[in-house]
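This report refers to the structure that appears directly beneath it.
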Amino acid sequence: MSELLKIEGLTKAYPGVVANDGVGFSVRPGEVHALLGENGAGKSTLVKMIYGLVKPDAGSMQFAGQPFAPADPRAARAAGVAMVFQHFSLFEALNVAENVALGMETPPPMRQLAARIREISTAYGLPLDPMRLVGDLSAGERQRVEIVRCLLQDPKLLIMDEPTSVLTPQEVEILFHTLRKLSSEGTAILYISHKLEEIRALCDGATILRGGKVVASCDPREKTARELAELMVGAELKVTDRAERRLGDVVLSVRELSLAPMSQFGPSLKGVSFDLRAGEVLGIGGVAGNGQEELLATLSGERPSAAATVMLNGMDISGLGPNGRRAKGLLAAPEERLGHAAVPAMSLTENAILTGTMRKPLTRHGFVDQGAARRFAEETIAAFDVRTPGAHVAARALSGGNLQKFVIGREVLQAPSVLVVNQPTWGVDAAAAAAIRQALLDLAAQGAAVIAISQDLDELMEISDRFAALNEGRLSAPRPMQGLTLEEIGLMLGGAHGMQEAQP
Amino acid sequence: MIVGGIDVITLTATLMGASTPVLLAATGELVAEKSGVLNLGVEGMMIIGAVAGFAAAVTTGNPVLGFVAGALAGALLATLFAALTQLLLSNQVATGLALTLFGLGLSALIGKGYEGVRPPGTPKLDFGPLSDIPVLGRILFSHDWVVYLSLLLVALVWFVLRFTRAGLILRAVGESHDAAHALGYRVVAVRFAALAFGGALAGLGGAYLSLVRVPQWTEGMTAGAGWIALAIVVFASWRPWRVLLGAYLFGGITALQLQLQAAGYAIPVHILSMAPYLVTIVVLVILSAIHRHGVQAAPACLGKPFHASS
């Protein structure tokens with residue numbers, strides 16, 4: 001069969017970095033084609049060019065046999081290209097039907113549109129109520145809105161940018177059924193991901209990008225996940241070393257912890273209880289927006305809770321703020337690196353002072369000891385292989401992965417007795433992620449207790465001793481990670497709310 | 001109908017005229033803010049509209065041309081604001097404040113030759129026998145065309161925002177400019193249009209002040225009406241009909257305090273003149289306090305700068 005999309009020599013440079021360098025590949029009608037690569041490999045830039053959001057500097061594209069150079073997304077949509085975004089391009093304060101209408105060129109009147117949304121979404125096993133506010137929907141449901149928006153336009157090519165990063169395993173299964181059904185109807189799918197098992201399960205072809213260049217094209221079903229990963233990284237992968245750990249006494253005990261929502265569409269925490277032993281890693285999984293941020297905020301002390309809900313070594317610390325808890329040995333690293341874990345405009349030294357001064361002698365008589373602070377920052381940089389010209393560099397100048405290594409390292413080096421991290425390797429490349437996981441395991445081996453909140457189940461399976469799921473602000477009872485199957489984890493995560501598979 | 005020395009019918013009839021400048025300016029600002037831009041220069045745009053409208057009406061002898069000139073002047077100033085904040089990405093708050101100061105200064109300069117002049121009158125519309133209906137005739141059918149236009153504009157803005165595609169795109173841009181951009185909508189163009197519309201309405205409100213309400217030109221004659229318009233938009237939770245309510249509340253208390261002064265109540269004049277501002281602010285506080293927990297009525301991207309770089 002002839003090619004639907006054919007790309008040749010596509011190049012796009014930004015100041016200081018060549019995002020795409022002579023990229024070429026092709027997609028046949030009905031093919032599910034994977035674009036694989038680390039963060040920063042140029043996958044997003046590439047699909048933005050296909051969708052008309054970014055103009056290439058050089059190279060050519062052909063779509064259905066015609067030269068294709070969309071000036072804007074409307075032109076791309078008109079040609080039959082639709083895209084589901086990684087960070088959802090939805091409007092929280094508008095309802096489902098309005099969101100869908102905004103993604104169409106000539107939407108029918110609202111009432112008719114609502115009926116079509118119901119019809120299409122049920123036909124593909126993604127039921128949606130067109131009148132609900134998007135802000136009230138779960139991440140999985142939001143993605144359905146995006147997909148339905150694309151389907152209503154009968155696309156020839158559907159681009160999906162990391163669609164499964166926010167879904168539970170069951171939701172992923174349903175998404176795959178939908179995609180397979182689409183592909184059997186002749187729709188080509190360009191599937192971007194760095195989750196290798198998914199790609200092996202779903203895709204017919206793969207193009208692997210590294211540093212903006214195509215390094216390999218292959219049939220992912222004929223490769224092992226490890227081979228694909230090594231093509232992606234361009235080096236052999238290290239396996240984390242999970243040393244024997246001896247569990248000590250209970251250090252942190254949380255009882256009936258509740259918290260009001262922190263934002264308009266945010267969840268509340270409802271009666272969260274668990275015990276944490278020294279030397280243990282507790283993995284907390286869950287789909288984003290189910291209370292992860294809230295849980296971190298109450299544990300770190302940003303949001304104090306009712307008396308006797310958080311006990312550290314038998315002491316009630318529920319009313320203490322972050323510094324009070326740091327002094328007692330409970331440290332935290334929140335998910336958002338820029339603006340929460342670190343102040344973007346301040347240097348790494350200054351950022352080190354911000355959390356380090358309670359446990360490290362970085363101040364003298366109330367004055368900052370610049371020398372000691374710089375040495376602490378430099379120690380973190382060296383110990384965690386943070387790639388930066390020096391400690392004087394502003395936090396925002398670091399790449400996401402490097403800054404993440406810095407903010408985790410800053411807490412680990414303060415020798416906490418309890419460390420709480422949220423999404424410790426989010427948006428971090430494979431090598432750096434492995435280093436961060438190893439650091440967390442080493443910390444636990446030294447006798448600290450670690451709580452790792454993450455949406456990456458593979459990560460939690462790799463490092464956790466026990467696993468608990470956070471769903472709509474409720475925490476399930478922790479269970480030993482060993483022997484837990486992916487399916488059981490999926491059920492703990494709340495499963496797929498009200499989803500059914502499409503009937504063939 | 002006279003209650004406590006106050007003629008209620010006259011009060012109600014005056015209220016509508018007294019509220020019109022603030023109503024127009026607030027409706028315009030509502031549209032601008034719905035697109036996600038906070039323009040604090042309403043006061044400046046109003047007073048430029050007031051002086052431009054006054055000058056044009058006096059020079060041509062035609063009050064309608066005056067209103068048109070007022071609206072154009074307001075829109076022009078808003079376009080300047082749009083160019084600074086949307087193209088050059090200057091800070092919206094600082095630029096808005098500067099716009100107010102600039103408008104006050106420029107209007108004083110332009111208005112130098114027009115002090116003590118009387119503008120051509122704007123007649124009340126003739127509704128024939130309708131105006132003779134007791135009570136209702138006085139209240140509803142005794143106004144000039146701008147008052148009815150302002151009510152029509154409120155209805156129009158409500159309808160467009162709620163039921164049309166243009167309104168949906170405007171709200172989408174104000175809710176998430178990144179998502180709107182990703183879908184291929186021209187965020188900056190939408191905001192230019194919304195700001196210009198807001199400026200035109202503010203200018204029209206200013207012209208109504210100098211041509212009908214006062215009617216003469218004095219320096220700084222808007223006397224904070226632009227700020228009240230801004231406050232009303234917030235207190236109305238960005239809803240057109242609540243803007244109408246807020247503006248009429250403000251205008252009503254302005255009219256009432258004048259009548260109280262005239263009726264000779266022994267309340268210090270200064271307290272009476274403070275009353276409209278005070279009551280509007282108090283109502284604002286109460287209404288925002290009884291909102292549902294965490295619910296935000298403001299457009300999510302209000303005041304945030306947008307650049308199509310990513």
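Ligands are numbered from 1 in the order shown, residues from 1 within each chain, and chains are lettered A, B, ... in the order they appear in the structure tokens.
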For chain A versus chain B, which residues have an atom no more than 10 Å away, and what is each residue's nearest atom pair and distance in Å rounded to one decimal, using only C-alpha atoms, chain-then-number order, as CSV?
residue,atom,partner,partner_atom,distance
A:Thr45,CA,B:Ser310,CA,9.6
A:Lys48,CA,B:Ala182,CA,9.3
A:Tyr51,CA,B:Ala182,CA,9.4
A:Gly52,CA,B:Gly184,CA,8.7
A:Leu53,CA,B:Ala182,CA,7.0
A:Val54,CA,B:Ser310,CA,9.0
A:Ala71,CA,B:Gly184,CA,9.9
A:Asp72,CA,B:Gly184,CA,6.2
A:Pro73,CA,B:Gly184,CA,5.1
A:Arg74,CA,B:Gly184,CA,6.1
A:Ala75,CA,B:Gly184,CA,9.2
A:Ala76,CA,B:Gly184,CA,9.8
A:Arg77,CA,B:Leu183,CA,9.6
A:Met83,CA,B:Leu183,CA,9.4
A:Phe85,CA,B:Ala182,CA,8.8
A:His87,CA,B:Ala179,CA,9.0
A:Phe88,CA,B:Ala179,CA,7.6
A:Ser89,CA,B:Ala179,CA,4.3
A:Leu90,CA,B:Ala179,CA,6.1
A:Phe91,CA,B:Ser176,CA,6.2
A:Glu92,CA,B:Glu175,CA,7.6
A:Ala93,CA,B:Glu175,CA,7.0
A:Leu94,CA,B:Ala172,CA,7.8
A:Glu98,CA,B:Leu168,CA,7.3
A:Asn99,CA,B:Ala172,CA,8.5
A:Ala101,CA,B:Arg165,CA,8.4
A:Leu102,CA,B:Ile169,CA,7.0
A:Gly103,CA,B:Leu183,CA,6.2
A:Met104,CA,B:Leu183,CA,9.0
A:Thr106,CA,B:Arg165,CA,9.6
A:Pro107,CA,B:Arg165,CA,8.9
A:Pro109,CA,B:Thr164,CA,9.7
A:Met110,CA,B:Phe163,CA,9.0
A:Ala260,CA,B:His293,CA,9.5
A:Pro261,CA,B:Gly294,CA,7.7
A:Met262,CA,B:Gly294,CA,7.5
A:Ser263,CA,B:Gly294,CA,5.8
A:Gln264,CA,B:Gly294,CA,4.6
A:Phe265,CA,B:Gly294,CA,8.2
A:Gly266,CA,B:Gly294,CA,9.1
Skip Leu5 (chain A) itself and residues of its chain fewer than 3 positions away, then list as an NGL selection string all residues within 10 Å of it, counting only C-alpha atoms. :A and (2 or 25-29 or 50 or 61-68 or 156-157 or 188)
Taking the backbone alone, and naming residues the way the document does, which bits of region 234-322 of chain A are alpha helix (DSSP H) by DSSP, as a PDB file with C-alpha atoms, in the first residue's frame?
ATOM      1  CA  GLN A 292      -0.800  13.397  45.303  1.00  0.00           C
ATOM      2  CA  GLU A 293      -0.013  17.090  45.653  1.00  0.00           C
ATOM      3  CA  GLU A 294      -2.302  17.341  48.651  1.00  0.00           C
ATOM      4  CA  LEU A 295      -0.669  14.375  50.359  1.00  0.00           C
ATOM      5  CA  LEU A 296       2.790  15.807  49.840  1.00  0.00           C
ATOM      6  CA  ALA A 297       1.657  19.184  51.148  1.00  0.00           C
ATOM      7  CA  THR A 298       0.275  17.734  54.391  1.00  0.00           C
ATOM      8  CA  LEU A 299       3.285  15.502  54.966  1.00  0.00           C
ATOM      9  CA  SER A 300       5.831  18.231  54.259  1.00  0.00           C
ATOM     10  CA  PRO A 322       7.994  22.666  56.856  1.00  0.00           C
TER      11      PRO A 322
END
Fewer than 6 positions away in the same chain doesn't count, so skip those; otherwise give me all residues within 7 Å of Asp204 (chain A), counting only C-alpha atoms, as a short mmCIF file (atom, residue, chain, number, x, y, z; two decimals) with C-alpha atoms, in the first residue's frame.
data_model
loop_
_atom_site.label_atom_id
_atom_site.label_comp_id
_atom_site.auth_asym_id
_atom_site.auth_seq_id
_atom_site.Cartn_x
_atom_site.Cartn_y
_atom_site.Cartn_z
CA GLU A 31 -0.41 1.59 10.45
CA VAL A 32 0.28 2.25 14.12
CA HIS A 33 3.69 3.85 14.00
CA ASP A 219 9.44 -3.47 13.83
CA PRO A 220 9.10 -3.15 17.60
#
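Minimum atom-to-atom distance to Gly128 (chain B), evaluated using only C-alpha atoms, belongs to B:Ser142 out of B:Ser19, B:Ser142, B:Ile48, B:Trp238.
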Can you tell me which residues surround Leu249 (chain B) at a distance of at most 9 Å, considering only C-alpha atoms, apart from same-chain residues fewer than 4 positions away, and format the answer as a VMD selection string? chain B and resid 15 19 244 to 245 253 to 254 276 279 to 280
Those selected residues, please, written with N, CA and C atoms and delivered as a PDB file, in the first residue's frame.
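Output contents, as saved in selection_4.pdb:
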ATOM      1  N   LEU B  15     -31.556  57.107  38.302  1.00  0.00           N
ATOM      2  CA  LEU B  15     -30.609  56.010  38.508  1.00  0.00           C
ATOM      3  C   LEU B  15     -30.089  55.472  37.186  1.00  0.00           C
ATOM      4  N   SER B  19     -26.180  55.633  36.088  1.00  0.00           N
ATOM      5  CA  SER B  19     -25.398  54.395  36.033  1.00  0.00           C
ATOM      6  C   SER B  19     -24.757  54.150  34.677  1.00  0.00           C
ATOM      7  N   LEU B 244     -24.785  44.617  35.154  1.00  0.00           N
ATOM      8  CA  LEU B 244     -25.907  45.565  35.110  1.00  0.00           C
ATOM      9  C   LEU B 244     -26.395  45.866  36.524  1.00  0.00           C
ATOM     10  N   LEU B 245     -26.560  44.809  37.307  1.00  0.00           N
ATOM     11  CA  LEU B 245     -27.022  44.968  38.690  1.00  0.00           C
ATOM     12  C   LEU B 245     -26.053  45.835  39.494  1.00  0.00           C
ATOM     13  N   ILE B 253     -27.222  54.461  44.313  1.00  0.00           N
ATOM     14  CA  ILE B 253     -26.816  55.087  45.561  1.00  0.00           C
ATOM     15  C   ILE B 253     -26.246  56.476  45.309  1.00  0.00           C
ATOM     16  N   THR B 254     -25.603  56.649  44.135  1.00  0.00           N
ATOM     17  CA  THR B 254     -25.152  57.994  43.775  1.00  0.00           C
ATOM     18  C   THR B 254     -26.349  58.936  43.681  1.00  0.00           C
ATOM     19  N   PRO B 276     -21.681  55.724  47.746  1.00  0.00           N
ATOM     20  CA  PRO B 276     -21.734  54.785  46.610  1.00  0.00           C
ATOM     21  C   PRO B 276     -20.504  53.883  46.542  1.00  0.00           C
ATOM     22  N   VAL B 279     -20.615  51.375  49.639  1.00  0.00           N
ATOM     23  CA  VAL B 279     -21.614  50.307  49.521  1.00  0.00           C
ATOM     24  C   VAL B 279     -21.212  49.314  48.438  1.00  0.00           C
ATOM     25  N   THR B 280     -20.708  49.844  47.302  1.00  0.00           N
ATOM     26  CA  THR B 280     -20.306  48.941  46.229  1.00  0.00           C
ATOM     27  C   THR B 280     -19.206  47.994  46.705  1.00  0.00           C
TER      28      THR B 280
END
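The residue that comes closest to His392 (chain A), out of A:Leu348, A:Ala430, A:Ala373, A:Ala82 and on the basis of only C-alpha atoms, is A:Leu348.
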